[in-house]
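Engineer: So that we are looking at the same thing, I have put the structure below in structure tokens.
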Amino acid sequence: MKDEIAAARKGYKYNMLENMKGAIFDLDGVIVDTAKFHYQAWKRLANELGFEFDASHNERLKGVSRMRSLEILLEVGGLSFSEDEKLQLADKKNAWYVEYISAIDESELLEGAKAYMEMLKDRGVKIALGSASKNSPIILNRLSITALFDAIVDGNKTSKAKPDPEVFLIAAQELGLRPEECVVYEDAEAGIEAARAAGMRTVGIGSRDILKDADIVVPGLYELMG
Ligand code: BG6
Ligand code: MG
């Protein structure tokens, strides 16, 4: 891991940044520690429906849209519901999630996230959000970081869930850049897949065991500072 981090720093400093004009950040699990609240709310729903839902199941939900997440969750529980019932279940999960995030503040920012984005900005790199979440406006507001972004692309603007590349392609377009000029920062397997399908370079945030296809993997953005 140490070697990989050293290589990532070097890659960031000497290669990646050289022709990197845009940085596209996923939100949950990359900038802010909200992935745990999604997990908490999905687990609560699974338990209410009478089955267990653990961290390894949850890995499949990361980066994926709300409705697709619900489908995966129901698959884990071996349950099926009508479309109307599914909408109600998704609303219920979302109400819990919104309750959890409604009180968050800057302390939920992941280590180094804000400083890293500010550093890129100072160096002339354009910054975009590329998230599946429809709740991103609330989160960015609570953290007072909305103004950092040159483009914000989230679940309110997209129709196809990651691993579809749509969210990242729209972000590049809004930044006025070509895909190969952009680097994507992602904590989800589906997100890395989406970025690769968009023809972008990838920095995985988390562990190499999960983010197998990322160009480089670091435990957090703080590792890329300096
Ligand atoms: C992604 C999360 O960022 O957003 C997923 O990784 C989540 O877990 C998805 O399901 C949709 O979020 P929301 O806030 O619109 O339900
Ligand atoms: Mg994420």
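Labels used: A, B, ... for chains in the order of the structure tokens, numbers from 1 for residues in each chain, and numbers from 1 for ligands as shown.
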Extract, using only C-alpha atoms, all DNA, RNA and protein residues at most 12 Å from Ala23 in chain A, discarding same-chain residues fewer than 4 positions from it, and format them as a PyMOL selection string.

Structural biologist: chain A and resi 12+16-17+19+116-121+123-130+148-152+168+171-172+175+177-186+195+200-203

Engineer: Quick one: residues within 10 Å of Ile145 in chain A, only C-alpha atoms counted, chain neighbours fewer than 4 positions away excluded, as a list in words?

Structural biologist: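 The neighbour list is Glu106, Leu109, Lys114, Ile139, Leu140, Asn141 and Phe149 of chain A.
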
Engineer: With only C-alpha atoms and all ligand atoms counted and 8 Å as the cut-off, give the residues of chain A in contact with ligand 2, each with its shortest interatomic distance in Å and the pair that gives it, as CSV.

Structural biologist:
```
residue,atom,partner,partner_atom_place_in_ligand_line,distance
A:Asp26,CA,ligand 2,1 (Mg),5.5
A:Leu27,CA,ligand 2,1 (Mg),5.7
A:Asp28,CA,ligand 2,1 (Mg),4.1
A:Gly29,CA,ligand 2,1 (Mg),4.5
A:Val30,CA,ligand 2,1 (Mg),5.9
A:Ala35,CA,ligand 2,1 (Mg),6.8
A:Lys62,CA,ligand 2,1 (Mg),5.7
A:Gly63,CA,ligand 2,1 (Mg),4.8
A:Ser131,CA,ligand 2,1 (Mg),7.3
A:Glu186,CA,ligand 2,1 (Mg),6.0
A:Asp187,CA,ligand 2,1 (Mg),4.9
A:Ala188,CA,ligand 2,1 (Mg),5.4
A:Gly191,CA,ligand 2,1 (Mg),7.4
```

Engineer: Report as CSV the residues of chain A within 10 Å of ligand 1, each with its shortest atom pair and distance in Å (one decimal), using only C-alpha atoms and all ligand atoms, ordered by chain and increasing residue number.

Structural biologist:
```
residue,atom,partner,partner_atom_place_in_ligand_line,distance
A:Asp26,CA,ligand 1,3 (O),6.8
A:Leu27,CA,ligand 1,3 (O),5.9
A:Asp28,CA,ligand 1,3 (O),4.7
A:Gly29,CA,ligand 1,6 (O),7.1
A:Val30,CA,ligand 1,3 (O),9.2
A:Thr34,CA,ligand 1,2 (C),8.3
A:Ala35,CA,ligand 1,6 (O),6.2
A:Lys36,CA,ligand 1,8 (O),9.1
A:Phe37,CA,ligand 1,8 (O),9.0
A:His38,CA,ligand 1,8 (O),5.7
A:Tyr39,CA,ligand 1,8 (O),7.4
A:Trp42,CA,ligand 1,8 (O),9.0
A:Asn58,CA,ligand 1,8 (O),8.2
A:Glu59,CA,ligand 1,8 (O),8.7
A:Arg60,CA,ligand 1,8 (O),8.7
A:Leu61,CA,ligand 1,8 (O),5.2
A:Lys62,CA,ligand 1,6 (O),3.9
A:Gly63,CA,ligand 1,6 (O),3.5
A:Val64,CA,ligand 1,5 (C),4.9
A:Ser65,CA,ligand 1,11 (C),4.3
A:Arg66,CA,ligand 1,10 (O),4.2
A:Met67,CA,ligand 1,10 (O),7.6
A:Arg68,CA,ligand 1,10 (O),7.7
A:Ser69,CA,ligand 1,10 (O),5.6
A:Leu70,CA,ligand 1,10 (O),8.2
A:Ala90,CA,ligand 1,16 (O),8.1
A:Asp91,CA,ligand 1,16 (O),9.0
A:Lys93,CA,ligand 1,16 (O),8.1
A:Asn94,CA,ligand 1,16 (O),6.0
A:Ala95,CA,ligand 1,16 (O),9.5
A:Tyr97,CA,ligand 1,14 (O),7.6
A:Val98,CA,ligand 1,14 (O),8.1
A:Ile101,CA,ligand 1,14 (O),9.9
A:Gly130,CA,ligand 1,3 (O),8.7
A:Ser131,CA,ligand 1,3 (O),5.2
A:Ala132,CA,ligand 1,4 (O),4.2
A:Ser133,CA,ligand 1,15 (O),3.4
A:Lys134,CA,ligand 1,15 (O),3.6
A:Asn135,CA,ligand 1,14 (O),4.4
A:Ser136,CA,ligand 1,14 (O),6.7
A:Pro137,CA,ligand 1,14 (O),9.8
A:Ile138,CA,ligand 1,14 (O),9.6
A:Ile139,CA,ligand 1,14 (O),9.3
A:Asp154,CA,ligand 1,15 (O),8.3
A:Gly155,CA,ligand 1,15 (O),6.0
A:Asn156,CA,ligand 1,15 (O),8.1
A:Ala161,CA,ligand 1,9 (C),8.8
A:Lys162,CA,ligand 1,1 (C),9.1
A:Glu186,CA,ligand 1,6 (O),9.5
A:Asp187,CA,ligand 1,6 (O),8.2
A:Ala188,CA,ligand 1,6 (O),7.0
A:Ala190,CA,ligand 1,6 (O),9.3
A:Gly191,CA,ligand 1,6 (O),8.7
```

Engineer: Please measure the separation of CA of Gly206 in chain A and CA of Pro163 in chain A, giving the value in Å to one decimal.

Structural biologist: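 Result for CA of Gly206 in chain A versus CA of Pro163 in chain A: 17.6 Å, one decimal.
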
Engineer: Record the distance separating CA of Ala197 in chain A and CA of Met225 in chain A, expressed in Å with one decimal.

Structural biologist: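 Computing it gives 27.2 Å between the two atoms.
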
Engineer: Quick one: residues within 9 Å of Ala103 in chain A, only C-alpha atoms, excluding same-chain residues fewer than 3 positions away - as a list in words?

Structural biologist: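 Returned residues: Glu99, Tyr100 and Arg142 of chain A.
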
Engineer: Work out how far apart CA of Phe53 in chain A and CA of Gly77 in chain A are and give it in Å to one decimal.

Structural biologist: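 CA of Gly77 in chain A lies at a distance of 8.1 Å from CA of Phe53 in chain A.
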
Engineer: Quick one: residues within 7 Å of Glu189 in chain A, only C-alpha atoms counted, chain neighbours fewer than 4 positions away excluded, as a ChimeraX atom specification?

Structural biologist: /A:193,210-211

Engineer: Those selected residues, please, written with N, CA and C atoms and delivered as a PDB file, in the first residue's frame.

Structural biologist:
```pdb
ATOM      1  N   GLU A 193     -16.113   2.137 -12.846  1.00  0.00           N
ATOM      2  CA  GLU A 193     -16.536   1.561 -14.127  1.00  0.00           C
ATOM      3  C   GLU A 193     -17.128   2.646 -15.040  1.00  0.00           C
ATOM      4  N   ILE A 210     -11.424  -3.572  -3.469  1.00  0.00           N
ATOM      5  CA  ILE A 210     -12.741  -3.264  -4.037  1.00  0.00           C
ATOM      6  C   ILE A 210     -12.604  -2.495  -5.348  1.00  0.00           C
ATOM      7  N   LEU A 211     -11.683  -1.540  -5.361  1.00  0.00           N
ATOM      8  CA  LEU A 211     -11.562  -0.653  -6.535  1.00  0.00           C
ATOM      9  C   LEU A 211     -10.490  -1.175  -7.498  1.00  0.00           C
TER      10      LEU A 211
END
```

Engineer: Restricting the calculation to only C-alpha atoms: of A:Leu143, A:Val32, A:Leu45, A:Ile72, which residue gets closest to Lys92 in chain A?

Structural biologist: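 Result for the nearest residue to Lys92 in chain A: A:Leu45.
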